[in-house]
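Comments concern the structure below.
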Amino acid sequence: MEESAHAPFSLSLPAVALPEYVVRQLSTFFPDTDEADAVSRVMGDTLDRLEHCIRHVRIKGYWNHDGPRFNHLHSDQYAIFLYYLSNTAFKAGFTSLAAKAYGLNKALHGLDAFYEVELPPVFALVHPVGTVLGRALYSDYFCAYQNVAIGADPFAPGSPTFGEGVVMYGGARVVGSVTVGSNSIISAGTSIVARGGKPLHVPDGHVAFGAPNFSTKPSRHNIKRDIFKDVA
């Protein structure tokens, strides 16, 4: 496997066929207006962002023997694609398409990743059913599993901040004024909620575990190496 910036990026559907595929899905769920023009206008930028992301993911199924590959039938990859589509459409002023792509992601994958939320250029999802990626400051090499919840505290100021290389396992919660350091793990079922606006912190290179109160200990893992890759 050639893991370089020059390895060809491929699609399971031809680039000319992918927009029509998306439009047919959108029309099935949201038949009020035709989004074909908007989809065609943002598809190029969406695929550029998707390619950059996939090139940095080490998880099985993201690369084949030729190089990085987007498989539209790989639901985790398609969830990432729909987020990028919705966010790209929002930035380009196509708010109807942004809302529909966001809704389609919820319908197909049970993923709530609002189109105004800025997820990083490199992130991964692992069967993210029931996951809510709310307002936070995300960094590259972020990975979320199923039933993860991230967001601001509605009753106090502050929202989470994540360093580079963070993985959140199933059922983990990070809410409010919480700083999660780089190369950190939030274990399954862990709850880190900054109640009353009191800041909380997970140090770099640590594992957080426990609920309703959490503890931390040093980690022996390297998230950027284990889940992601640096492409030369």
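In the structure tokens, the first chain shown is A, the next is B, and so on; residue numbers restart at 1 for each chain, and ligands run from 1 in the order shown.
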Please extract the residues of stretch 54-183 of chain A with a backbone DSSP assignment of helix (DSSP H, G or I) and present them as a ChimeraX atom specification. /A:54,75-91,95-109
For stretch 38-149 of chain A against stretch 171-191 of chain A, with a cut-off of 12 Å and counting only C-alpha atoms, what is the closest atom pair and its distance in Å to one decimal for every residue that makes the cut, ordered by chain and number, as a tab-separated table?
```
residue	atom	partner	partner_atom	distance
A:Pro128	CA	A:Gly171	CA	10.3
A:Val129	CA	A:Gly171	CA	10.5
A:Gly130	CA	A:Gly171	CA	9.0
A:Thr131	CA	A:Gly171	CA	8.5
A:Val132	CA	A:Arg173	CA	9.6
A:Leu133	CA	A:Val174	CA	10.0
A:Gly134	CA	A:Val175	CA	9.2
A:Arg135	CA	A:Val175	CA	9.6
A:Ala136	CA	A:Gly176	CA	8.8
A:Leu137	CA	A:Thr179	CA	9.4
A:Tyr138	CA	A:Val180	CA	9.9
A:Ser139	CA	A:Ser182	CA	8.9
A:Asp140	CA	A:Ser182	CA	9.8
A:Tyr141	CA	A:Asn183	CA	9.0
A:Phe142	CA	A:Asn183	CA	9.5
A:Cys143	CA	A:Ile185	CA	9.7
A:Ala144	CA	A:Ala172	CA	9.0
A:Tyr145	CA	A:Gly171	CA	8.0
A:Gln146	CA	A:Gly171	CA	6.6
A:Asn147	CA	A:Gly171	CA	4.8
A:Val148	CA	A:Gly171	CA	5.0
A:Ala149	CA	A:Arg173	CA	4.9
```
Residues within 8 Å of A:Thr88, only C-alpha atoms, excluding chain neighbours under 6 positions, as a PyMOL selection string: chain A and resi 42+45-46+98
Please extract the residues of stretch 17-231 of chain A with a backbone DSSP assignment of strand (DSSP E or B) and present them as number ranges by chain. A: 57, 63, 68-70, 112, 123-125, 132-133, 137, 142-144, 149-151, 161-162, 166-168, 173-175, 178-180, 184-186, 191-193, 200-202, 206-209, 215-218, 228
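Take atom CA of A:Val39 and atom CA of A:Lys60: the distance between them is 28.8 Å.
Minimum atom-to-atom distance to A:Glu118, evaluated using only C-alpha atoms, belongs to A:Asn87 out of A:Ser96, A:Asn87, A:Ser40, A:Asn105.
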Which neighbours of A:Ser10 fall inside 8 Å, counting only C-alpha atoms, when residues of the same chain fewer than 2 positions from it are skipped, and could you give them as a ChimeraX atom specification? /A:8,12,67-70
Given only C-alpha atoms as the basis, pick out the residue of A:Asp37, A:His65, A:Asp112, A:Val126 nearest to A:Phe94.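 For A:Phe94, the nearest of the given residues is A:Asp37.
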Identify which of the residues A:Ala156, A:Ala79, A:Ala211, A:Leu73 lies closest to A:Arg195, counting only C-alpha atoms when measuring atom-to-atom distances.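 Closest to A:Arg195 of all the choices is A:Ala156.
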A:Ile54 surroundings by only C-alpha atoms, 12 Å radius, close-in-sequence under 5 positions cut, as a count of residues only: 37
In Å to one decimal, how far is atom CA of A:Ala152 from atom CA of A:Gly165?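 Computed distance, atom CA of A:Gly165 to atom CA of A:Ala152, equals 20.7 Å.
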Which residues are near A:Ser86? Cut-off 9 Å, only C-alpha atoms, ignore same chain within fewer than 4 positions. Put them as number ranges by chain. A: 46, 81-82, 90-91, 94-95, 97-102, 114-116
Using only C-alpha atoms, determine which residues lie at most 7 Å from A:His206, disregarding the query and same-chain residues fewer than 4 positions distant; provide the list as a PyMOL selection string. chain A and resi 184-185+202+216-219
For A:Ala107, the nearest of the candidates A:Ile150, A:Cys53, A:Leu85, A:Leu26, counting only C-alpha atoms: A:Leu26
What is the distance, in Å and to one decimal place, between atom CA of A:His56 and atom CA of A:Glu164?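 Between atom CA of A:His56 and atom CA of A:Glu164 the gap is 13.2 Å.
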